[in-house]
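Below is one structure, written out as structure tokens; the observations come after it.
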Amino acid sequence: MNVLVLSGYGINCENETLHAFEVVGFKGKIIHINDLIQNPKQLNNYQVFAIPGGFSYGDDTGSGNAMAKKIMTNLYDQLIDFSLKDKLIIGICNGCQILINLGLVPSLNKKDPEVALIENKSGSYECRWVDVKVSNNKSPWLKNISTLNLPVAHQEGQFMIPINLLKSIKANNLIGLQYINHRKKLAKGQFPFNPNGSKDDIAALTNQNGNVLAMMPHPERAFYNYHIPNWQSKTLKKFGDGYKIFMNAKKFFA
Amino acid sequence: MTNTIQILSIEKTGKESSLQKEHNNKSIKIIDGYFFSTNLDDQKFTKISKLISNDVSQTILTKKNVNKVLSSYSNFNWVVEIKFLPGVTDNIATTVKEIIKDNLKSSFKSFELGSTKIILIKGRKEDITKISKNEANPLIQTINIYPFKKYLNNFKKNQFKIEKVKLPKKKYSKKEINLNISDDQLSLIGKLGIEENDKSRRGTLGLDLESLKAIRNYFSTIKRKPTDVEIETLAQTWSEHCKHKIFSAKIDDIHEGIFKKYIKGATEKIIQLRKDNFCVSLFTDNAGGIEFNKDWIICHKVETHNTPSALDPFGGAITGIVGVNRDCLGFGKGAKPIANTYAYYLADPNKKYQLYRQKNKDPMLPANFIAKGIISGVRVGGNCSGIPTPQGNVYFDDRFAGKPLVFCGTVGIIPKKIKGKLSHKKKANPGDIILMAGGRVGKDGIHGATFSSEELDPNSPVSAVQIGDPITQKKMSDVIIRELRDENLYSSITDNGAGGLSSSIGEMAKESGGFIVNLEKVPLKYNGLYPWEIWVSESQERMTLAVPPKNVKKVIKKFNARGVEATIIGKFIKKEKAIVKYNKTEILNLDMEFLHEGYPKLNLKTSFPKIKKEKKKIIKKSFLIDKLHKLLSSPNIVSKEFIATQYDHEVQATSIIKPLQGEGRVFGNATAIKPLFDDEKSIALSQAAYPQYAETNPYDMAGCTIDTAYKNLIVSGANSKKIAILDNFCWCSSDEPDRLYQLKEAAKACYDYAVSYQTPFISGKDSMFNDFKGFDKTGKSVKISIPPTLLISSIGVVDKISHLTKLTPDDGDILVVLGNTRNELQDSVYSKIIGYEKSKNPVVNSKDALRTYRNFEKANKLGIINSAIGIDLGGIGIAVTKMAIASKKGLTIDLKLKNKISVDQFLFSETQSRILVSMKKNKLANFKKIFKASDYTIIGKCTGSDVIEFKDNKKIMRGKILDFAKSYKQNIKGL
């Protein structure tokens, strides 16, 4: 089981993302986008492709846009090919923004991006912990998980989806995660439970097969118990909720 | 054909909403504009606009649709176009250029482009003027206001103009400066700069007459005239910013100066007493380094960026944070930045100070513009770099109206050994190539070092402002830390900060002997820079490396593969000479000794200051609960949550004690990160400053500051033997004897308390002239000096996860105050907000304090302590309230008063060295085995209800936690 963790141009969560994969049993490597473009064939050595969080190109021209354009020009076919195999792709935060800009999720009518991630309703960067529920149990990434407590950290995390598309996203069961409130009910757009004003409290989307997951919250930052806010007041465990996502990737190949 | 691409968001953006709210106008729309230097044909227009926009959320304006699209939002009638001035860093434009080059490859090569913010409104001209004042800074941006009709016309006729750098095509010929002139003329060179052929002046050199005379003497001995480059270089190298002349000067009877005696002296004394390996690298490098564990070193550095932040708050602050990141990159062989810290000392953002640098013109930026700009500058710098920013604070006082203080710090980590060699040791060897990596050089930041050493006055140069580019730096930093350092491919590395190449190469060459630089090799942002400008420019995101010739190709290749430029610009030599050439003409040739040590040493005298009497504000009788609300909502106590949530403190997955603590999210005094996945040790961080105490007694002020910075780490669970501190002195009018007296006193306290606490100073920085000289709105001349401010940053190692404490008590816990409370209300928040009472200023008794701290540490390790908070601003009253808000659990406080003090004195006195702790009832017996009865007071317990109750002999006063939380979480007016 090998994971390729992408880096370069301002991506910055590659170390902790790789670490999370390694702890659950993957072998992995951080690979710079330029090296991957030079030798795209190395993708064949990997079962998981992870685009971590960060600020690729400083979010200029819209978060994830510039990196998505770089991938589109240089690696698009290879990545599509990867997504059509029995392999997994995850994009976290900036990685999510890149996958959305690439149109790899929800990927209902292929090629062009159909969904946008726009600035948070609050107008400001939000670094805070949220609760999300799993809305789609068919994605291998999300199997047997009900809720997760994870941090978000973004300026542009509001999913903007045209109405018709939203209908088919729901019909096809492609919503991965949704923000919930302290009563474990959908946040209904209410801040801070829904930190960005996302439509239908969407925090993550998948493609049709469920093997590609684009999520705004950061599972790798909720990996150990001590990552959780006020962990000292809580029961002692080794891992936080983010661990479950990485474990699911392992189970998929087990 | 068109020369512009303009894009707008279909739905209202967050920025648009906040503008609409702020200006009470629903018809405001923002357009992202890109102006090109050449026309784009339709095919290119379509292709490029698709590359830089989003089909789903944005609309691209074209000549055909512009009218229709915009009129669907409103009947706009005014437009403001905000562009960067020529030469100012335009990060968005850089990205767009890169996207275009990557995608269109060779088909579209030579073009310039600038990013523009265009704001449309329906309203009056006054409205758009007001908006433009809030959204743009005339120092770095051009602001064009015109009617909407003209905008449509510009669109149709391709009349949007890009701001290009237009430097006259000038040929450099070596310029020699005659210094055999009158003292007055000589002084003029120091103050206004070297005279150009057209009689204009280059801008301040910050050289005083004595220094210029020293230069004159040197050149008369070597029998030639100095070149302009030599004078510029000496000005940079000798600046207060680089040489810290005041700290090293003889002062009264202290011949070695206060730095050597009190700061370095303290550390040397401590090292001598400790006899361990804790201190690794102190004072000599870009940051100070201490041992983290057997394999790793951590380093810390805190810088100020005050003057640039006064002129361009966003640019000043972002440059501050990415600049101090480079200090870590330049520590030893290059440490990886793992945490940022910040501290801002600002004027009240809700007040209008109306200050002018010149009579009736050149206004200072409004206080709220400065505050917002600073806060967002560090946000963008920290977040974009992928470095967590957990630790910080903000303090408000009117005396920062003329100059805000912006402290930016970074913690780095580096393995002790790299390929068997000690990583903190570095040495540029003779023959090593001088390699400049990262960004290019432009006119930005010319004269930064010399001018930050001066007071802010009408002659302050505006070209001194730079804007950081965190992504360029991140790319460079990744190459250095991941691909070069551990291969041992270079022999030394340092950062290009103040003074640019002249400083970085000048400093590094001390390791080898000297250097030869060929300035024409330096890559430029645009042509037309004079050699002296290239040499001293402070363009950001650059590191200088000393690379053995055999590795040079490999190193350059590695940089280039990651989209980073690296250029050979010279070599290090053994001979102790500083030599700079430009197209083979030698324009600088100085002895290294003179370059670094030739400046005249100051001889300073101090005098006891006149004590300014505080205006007495009579206490209005009010209820205790009301007083608590007033204090909680006062700007220096109120929660800074709005900053904590916009600074990513989770990136790198190291956050273990977060800035917001407890379910009730209280802004903590200290934070902690766990930097290594395979070691449970953490790094605890805190900081303190008490400018409000300074005028009363600077010695006690410094004592309180060190005590608080130390205490916060002890409270967080740090090992008392593994705490180090950093000093940042921000002073005012440091040419006046009474200010120097205060400085000397504060420095003396630094020695005394650091030695008592056994906390070495590992790094520090000073900024001595934080004064504003200008005019008020009536044209009267005013001088506003900051209160002397000493920021002490503390960094410590927490050995075990179980030692980390929490802020939240549990039901049934007993509440205990460790340390005694005295009537020390002078200069307290209480005396400012509630009213003055005859009282004393807080004084630290280090013996008592250390007993409390050692006992606390012991009790914490034994698991006796359940929760803890350091008591500082607002005293016990605020500490208990914060505990209740954090835990959402009620408390009962028994006001048993000792030492004849009143209720208010007991609750709000800012006596130092106290900790509020809670513990389970059954731990009390063990607690008493450690603490003497006279060292603590049991003040109540945690009831778990929804109120805080204060009981004295006669009555019970109650307040709801929810209400207290509301007061504590109020917005700061003006922000």
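As shown in the structure tokens, the chain order sets the letters A, B, ...; within each chain, residues go from 1, and ligands are also counted from 1 in the order they appear.
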Residues at most 9 Å from Gly58 of chain A, counting only C-alpha atoms, excluding those fewer than 2 positions away in the same chain, as a CSV table (one decimal) with N, CA and C atoms, in the first residue's frame?
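Final output, saved to result.csv:
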```csv
chain,number,residue,atom,x,y,z
A,9,TYR,N,4.8,24.7,-4.3
A,9,TYR,CA,4.1,25.9,-4.6
A,9,TYR,C,3.2,26.4,-3.5
A,10,GLY,N,3.5,26.1,-2.3
A,10,GLY,CA,2.7,26.6,-1.2
A,10,GLY,C,1.8,25.6,-0.5
A,54,GLY,N,-3.0,23.6,2.3
A,54,GLY,CA,-1.9,24.6,2.2
A,54,GLY,C,-2.5,25.8,1.5
A,55,PHE,N,-1.6,26.6,0.9
A,55,PHE,CA,-1.9,27.8,0.2
A,55,PHE,C,-1.3,27.8,-1.2
A,56,SER,N,-1.6,26.8,-2.0
A,56,SER,CA,-0.9,26.8,-3.3
A,56,SER,C,-1.1,28.1,-4.0
A,60,ASP,N,-4.1,33.0,-4.8
A,60,ASP,CA,-4.3,34.1,-5.9
A,60,ASP,C,-5.2,33.5,-7.0
A,61,THR,N,-6.0,34.3,-7.5
A,61,THR,CA,-7.0,33.9,-8.5
A,61,THR,C,-8.0,32.9,-8.0
A,62,GLY,N,-8.2,32.8,-6.7
A,62,GLY,CA,-9.1,31.8,-6.1
A,62,GLY,C,-8.4,30.6,-5.6
A,63,SER,N,-8.8,30.2,-4.4
A,63,SER,CA,-8.0,29.1,-3.8
A,63,SER,C,-8.1,27.8,-4.7
A,64,GLY,N,-6.9,27.2,-4.8
A,64,GLY,CA,-6.8,25.9,-5.6
A,64,GLY,C,-6.8,26.1,-7.1
B,91,ASN,N,1.8,40.4,-5.6
B,91,ASN,CA,1.8,38.9,-5.6
B,91,ASN,C,0.8,38.3,-6.5
B,92,ILE,N,-0.4,38.9,-6.6
B,92,ILE,CA,-1.4,38.2,-7.5
B,92,ILE,C,-0.9,38.3,-8.9
B,95,THR,N,1.5,35.5,-9.6
B,95,THR,CA,0.8,34.2,-9.8
B,95,THR,C,0.2,34.1,-11.2
B,380,VAL,N,-2.0,36.7,6.7
B,380,VAL,CA,-1.6,36.2,5.4
B,380,VAL,C,-0.2,35.7,5.4
B,384,CYS,N,-0.2,31.6,4.9
B,384,CYS,CA,0.3,31.2,3.6
B,384,CYS,C,1.6,30.4,3.7
B,385,SER,N,2.4,30.6,4.8
B,385,SER,CA,3.7,30.0,4.9
B,385,SER,C,3.5,28.6,5.5
B,469,ASP,N,6.3,38.3,0.3
B,469,ASP,CA,5.6,37.3,-0.7
B,469,ASP,C,5.8,35.9,-0.1
B,470,PRO,N,4.9,35.5,0.8
B,470,PRO,CA,5.1,34.3,1.5
B,470,PRO,C,5.3,33.0,0.6
B,471,ILE,N,4.7,33.0,-0.5
B,471,ILE,CA,4.8,31.8,-1.4
B,471,ILE,C,6.2,31.6,-2.0
```
* To do: From a DSSP calculation on the backbone, collect every residue of segment 30-221 of chain A in alpha helix (DSSP H) and output the set as a PyMOL selection string.
  => chain A and resi 33-38+65-74+76-84+94-102+163-171
* **Within 7 Å of chain B: residues of chain A, using only C-alpha atoms, as a ChimeraX atom specification** => /A:8-10,12-13,16,34,54-55,57-58,60-61,66,69,73,114-116,119-128,153,220-221,226-227,230,232
Would you write out those residues with C-alpha atoms, as a PDB file, in the first residue's frame?
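The result, written out as result19.pdb:
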```
ATOM      1  CA  GLY A   8       5.042  22.314  -3.936  1.00  0.00           C
ATOM      2  CA  TYR A   9       4.078  25.936  -4.625  1.00  0.00           C
ATOM      3  CA  GLY A  10       2.714  26.570  -1.151  1.00  0.00           C
ATOM      4  CA  ASN A  12       2.054  22.908   3.370  1.00  0.00           C
ATOM      5  CA  CYS A  13       0.375  19.983   5.137  1.00  0.00           C
ATOM      6  CA  GLU A  16       1.471  15.504   8.799  1.00  0.00           C
ATOM      7  CA  ASN A  34       7.303  19.363 -10.785  1.00  0.00           C
ATOM      8  CA  GLY A  54      -1.928  24.610   2.156  1.00  0.00           C
ATOM      9  CA  PHE A  55      -1.935  27.797   0.185  1.00  0.00           C
ATOM     10  CA  TYR A  57       0.008  29.957  -5.183  1.00  0.00           C
ATOM     11  CA  GLY A  58      -1.129  31.977  -2.180  1.00  0.00           C
ATOM     12  CA  ASP A  60      -4.313  34.070  -5.860  1.00  0.00           C
ATOM     13  CA  THR A  61      -7.036  33.919  -8.543  1.00  0.00           C
ATOM     14  CA  ALA A  66      -3.728  28.007 -10.088  1.00  0.00           C
ATOM     15  CA  LYS A  69      -4.704  24.721 -13.852  1.00  0.00           C
ATOM     16  CA  THR A  73      -2.223  21.325 -18.292  1.00  0.00           C
ATOM     17  CA  GLU A 114     -19.310  22.211 -11.716  1.00  0.00           C
ATOM     18  CA  VAL A 115     -18.948  23.364  -8.147  1.00  0.00           C
ATOM     19  CA  ALA A 116     -17.085  26.314  -6.676  1.00  0.00           C
ATOM     20  CA  GLU A 119     -15.185  32.942   0.409  1.00  0.00           C
ATOM     21  CA  ASN A 120     -16.646  32.184   3.831  1.00  0.00           C
ATOM     22  CA  LYS A 121     -19.825  34.080   4.600  1.00  0.00           C
ATOM     23  CA  SER A 122     -18.076  35.678   7.584  1.00  0.00           C
ATOM     24  CA  GLY A 123     -15.573  37.209   5.171  1.00  0.00           C
ATOM     25  CA  SER A 124     -12.715  36.048   7.352  1.00  0.00           C
ATOM     26  CA  TYR A 125     -10.342  33.138   7.696  1.00  0.00           C
ATOM     27  CA  GLU A 126     -11.779  30.555  10.076  1.00  0.00           C
ATOM     28  CA  CYS A 127      -9.537  28.268  12.090  1.00  0.00           C
ATOM     29  CA  ARG A 128     -11.846  26.329  14.421  1.00  0.00           C
ATOM     30  CA  ALA A 153      -8.812  26.358   8.593  1.00  0.00           C
ATOM     31  CA  GLU A 220      -4.627  14.791   9.855  1.00  0.00           C
ATOM     32  CA  ARG A 221      -4.868  17.575  12.423  1.00  0.00           C
ATOM     33  CA  TYR A 226      -3.962  15.360  22.131  1.00  0.00           C
ATOM     34  CA  HIS A 227      -4.942  17.271  19.012  1.00  0.00           C
ATOM     35  CA  ASN A 230      -9.465  20.377  25.852  1.00  0.00           C
ATOM     36  CA  GLN A 232      -7.292  16.903  29.217  1.00  0.00           C
TER      37      GLN A 232
END
```
* 10 Å contact set for Pro40 of chain A, only C-alpha atoms, chain neighbours under 6 positions out, as a list of chain:residue names ->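 Surrounding residues, per the criterion: A:Ile33, A:Asn34, A:Asn74, A:Leu75, A:Gln78, A:Leu79.
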* So which one's closest to Gly210 of chain A, A:Asn248, A:Asn136, A:Thr147, A:Asn194? Using only C-alpha atoms, please. ->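 Closest candidate: A:Asn136.
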Could you name the residues that touch Lys521 of chain B at 12 Å or less, counting only C-alpha atoms, but leaving out those on the same chain fewer than 3 positions away, as a PDB file with N, CA and C atoms, in the first residue's frame?
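Done, and the output landed in around35.pdb:
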```pdb
ATOM      1  N   ILE B 434      29.274  32.957  -3.348  1.00  0.00           N
ATOM      2  CA  ILE B 434      28.142  33.658  -2.734  1.00  0.00           C
ATOM      3  C   ILE B 434      26.940  33.465  -3.645  1.00  0.00           C
ATOM      4  N   LEU B 435      25.926  32.802  -3.114  1.00  0.00           N
ATOM      5  CA  LEU B 435      24.742  32.500  -3.899  1.00  0.00           C
ATOM      6  C   LEU B 435      23.548  33.233  -3.287  1.00  0.00           C
ATOM      7  N   MET B 436      22.837  33.970  -4.114  1.00  0.00           N
ATOM      8  CA  MET B 436      21.617  34.613  -3.626  1.00  0.00           C
ATOM      9  C   MET B 436      20.428  33.807  -4.148  1.00  0.00           C
ATOM     10  N   ARG B 440      13.700  38.488  -6.432  1.00  0.00           N
ATOM     11  CA  ARG B 440      14.585  39.417  -7.131  1.00  0.00           C
ATOM     12  C   ARG B 440      14.676  40.736  -6.379  1.00  0.00           C
ATOM     13  N   VAL B 441      15.569  41.567  -6.858  1.00  0.00           N
ATOM     14  CA  VAL B 441      15.820  42.826  -6.164  1.00  0.00           C
ATOM     15  C   VAL B 441      15.167  43.992  -6.903  1.00  0.00           C
ATOM     16  N   VAL B 517      32.055  40.906  -4.525  1.00  0.00           N
ATOM     17  CA  VAL B 517      30.723  40.749  -5.107  1.00  0.00           C
ATOM     18  C   VAL B 517      30.671  41.469  -6.447  1.00  0.00           C
ATOM     19  N   ASN B 518      30.022  40.826  -7.424  1.00  0.00           N
ATOM     20  CA  ASN B 518      29.790  41.472  -8.719  1.00  0.00           C
ATOM     21  C   ASN B 518      28.316  41.844  -8.825  1.00  0.00           C
ATOM     22  N   LEU B 524      17.336  41.428 -11.165  1.00  0.00           N
ATOM     23  CA  LEU B 524      16.521  42.581 -10.765  1.00  0.00           C
ATOM     24  C   LEU B 524      15.064  42.410 -11.183  1.00  0.00           C
ATOM     25  N   PRO B 531      23.769  50.805  -8.675  1.00  0.00           N
ATOM     26  CA  PRO B 531      24.466  49.762  -7.907  1.00  0.00           C
ATOM     27  C   PRO B 531      24.249  49.882  -6.401  1.00  0.00           C
ATOM     28  N   ILE B 534      20.981  48.346  -5.504  1.00  0.00           N
ATOM     29  CA  ILE B 534      21.009  46.881  -5.527  1.00  0.00           C
ATOM     30  C   ILE B 534      21.652  46.360  -4.245  1.00  0.00           C
ATOM     31  N   TRP B 535      22.684  47.056  -3.835  1.00  0.00           N
ATOM     32  CA  TRP B 535      23.499  46.616  -2.706  1.00  0.00           C
ATOM     33  C   TRP B 535      22.751  46.715  -1.371  1.00  0.00           C
ATOM     34  N   ALA B 566      18.232  31.152  -8.221  1.00  0.00           N
ATOM     35  CA  ALA B 566      19.452  31.205  -7.419  1.00  0.00           C
ATOM     36  C   ALA B 566      20.582  31.663  -8.333  1.00  0.00           C
ATOM     37  N   THR B 567      21.349  32.640  -7.848  1.00  0.00           N
ATOM     38  CA  THR B 567      22.329  33.280  -8.724  1.00  0.00           C
ATOM     39  C   THR B 567      23.673  33.433  -8.024  1.00  0.00           C
ATOM     40  N   ILE B 568      24.723  33.134  -8.765  1.00  0.00           N
ATOM     41  CA  ILE B 568      26.082  33.364  -8.249  1.00  0.00           C
ATOM     42  C   ILE B 568      26.364  34.867  -8.329  1.00  0.00           C
ATOM     43  N   ILE B 569      26.698  35.471  -7.205  1.00  0.00           N
ATOM     44  CA  ILE B 569      26.945  36.921  -7.262  1.00  0.00           C
ATOM     45  C   ILE B 569      28.332  37.304  -6.750  1.00  0.00           C
ATOM     46  N   GLY B 570      29.135  36.315  -6.371  1.00  0.00           N
ATOM     47  CA  GLY B 570      30.470  36.670  -5.909  1.00  0.00           C
ATOM     48  C   GLY B 570      31.111  35.523  -5.175  1.00  0.00           C
ATOM     49  N   VAL B 580      33.342  45.361  -3.756  1.00  0.00           N
ATOM     50  CA  VAL B 580      32.163  45.260  -4.609  1.00  0.00           C
ATOM     51  C   VAL B 580      32.490  45.842  -5.974  1.00  0.00           C
ATOM     52  N   LYS B 581      32.125  45.082  -7.021  1.00  0.00           N
ATOM     53  CA  LYS B 581      32.367  45.569  -8.381  1.00  0.00           C
ATOM     54  C   LYS B 581      31.043  45.678  -9.119  1.00  0.00           C
ATOM     55  N   TYR B 582      31.026  46.587 -10.071  1.00  0.00           N
ATOM     56  CA  TYR B 582      29.864  46.692 -10.938  1.00  0.00           C
ATOM     57  C   TYR B 582      30.393  46.802 -12.355  1.00  0.00           C
ATOM     58  N   ASN B 583      30.092  45.802 -13.177  1.00  0.00           N
ATOM     59  CA  ASN B 583      30.663  45.740 -14.518  1.00  0.00           C
ATOM     60  C   ASN B 583      32.176  46.007 -14.498  1.00  0.00           C
ATOM     61  N   LYS B 584      32.820  45.302 -13.636  1.00  0.00           N
ATOM     62  CA  LYS B 584      34.287  45.330 -13.519  1.00  0.00           C
ATOM     63  C   LYS B 584      34.851  46.577 -12.839  1.00  0.00           C
TER      64      LYS B 584
END
```
* **Polymer residues at most 7 Å from Asn325 of chain B, only C-alpha atoms, same-chain spacing of 3 or more positions, as a list of chain:residue names** =>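 Answer for this query is B:Ile321, B:Val322, B:Cys328, B:Leu329, B:Pro337, B:Thr410.
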Keeping only C-alpha atoms, write those residues as a PDB file, in the first residue's frame.
```pdb
ATOM      1  CA  ILE B 321       6.454  37.843  10.054  1.00  0.00           C
ATOM      2  CA  VAL B 322       8.023  36.379   6.911  1.00  0.00           C
ATOM      3  CA  CYS B 328      15.027  30.748  11.729  1.00  0.00           C
ATOM      4  CA  LEU B 329      15.969  29.605   8.238  1.00  0.00           C
ATOM      5  CA  PRO B 337      10.012  27.336  11.281  1.00  0.00           C
ATOM      6  CA  THR B 410       9.305  32.507  15.094  1.00  0.00           C
TER       7      THR B 410
END
```
* Distance query Met215 of chain A at most 12 Å, only C-alpha atoms, self and fewer than 3 positions along chain excluded, as a PyMOL selection string -> chain A and resi 50-53+89-100+105-106+117+132+134+141-142+150-154+157-159+174-179+202-207+212+218-220+242+245
* To do: Between atom CA of Asn770 of chain B and atom CA of Asn134 of chain B, measure the distance and give it in Å to one decimal.
  => 25.1 Å
* **Residue with smallest distance to Lys577 of chain B - pool B:Leu489, B:Ile637, B:Leu179, B:Ile516, counting only C-alpha atoms** =>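 Counting only C-alpha atoms, the residue closest to Lys577 of chain B is B:Ile516.
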Residues at most 6 Å from Asp131 of chain A, counting only C-alpha atoms, excluding those fewer than 4 positions away in the same chain, as an mmCIF file with N, CA and C atoms, in the first residue's frame?
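Result went into part-v6.cif, see below:
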```
data_model
loop_
_atom_site.group_PDB
_atom_site.id
_atom_site.type_symbol
_atom_site.label_atom_id
_atom_site.label_comp_id
_atom_site.auth_asym_id
_atom_site.auth_seq_id
_atom_site.Cartn_x
_atom_site.Cartn_y
_atom_site.Cartn_z
ATOM 1 N N LEU A 148 -17.754 13.121 13.097
ATOM 2 C CA LEU A 148 -16.333 13.400 13.304
ATOM 3 C C LEU A 148 -16.178 14.797 13.899
ATOM 4 N N ASN A 149 -15.204 14.933 14.783
ATOM 5 C CA ASN A 149 -14.849 16.245 15.332
ATOM 6 C C ASN A 149 -13.476 16.612 14.759
ATOM 7 N N TYR A 179 -21.835 19.743 8.091
ATOM 8 C CA TYR A 179 -21.637 20.340 9.412
ATOM 9 C C TYR A 179 -22.886 20.138 10.271
ATOM 10 N N ILE A 180 -22.682 19.776 11.532
ATOM 11 C CA ILE A 180 -23.812 19.634 12.461
ATOM 12 C C ILE A 180 -23.598 20.535 13.672
#
```
* Of the residues B:Lys847, B:Lys161, B:Lys558, B:Lys419, which is the one nearest to Ala437 of chain B, using only C-alpha atoms? ->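 Ranking B:Lys847, B:Lys161, B:Lys558, B:Lys419 by distance to Ala437 of chain B, first place goes to B:Lys558.
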* With only C-alpha atoms as the atoms that count, which of B:Ala317, B:Ile189, B:Leu234, B:Val66 lies nearest to Tyr218 of chain B? ->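 Answer, going by the shortest atom-to-atom distance: B:Leu234.
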* For atom CA of Ser168 of chain A and atom CA of Leu108 of chain A, the interatomic separation in Å (one decimal) ->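 Atom-to-atom, atom CA of Ser168 of chain A to atom CA of Leu108 of chain A, that is 8.3 Å.
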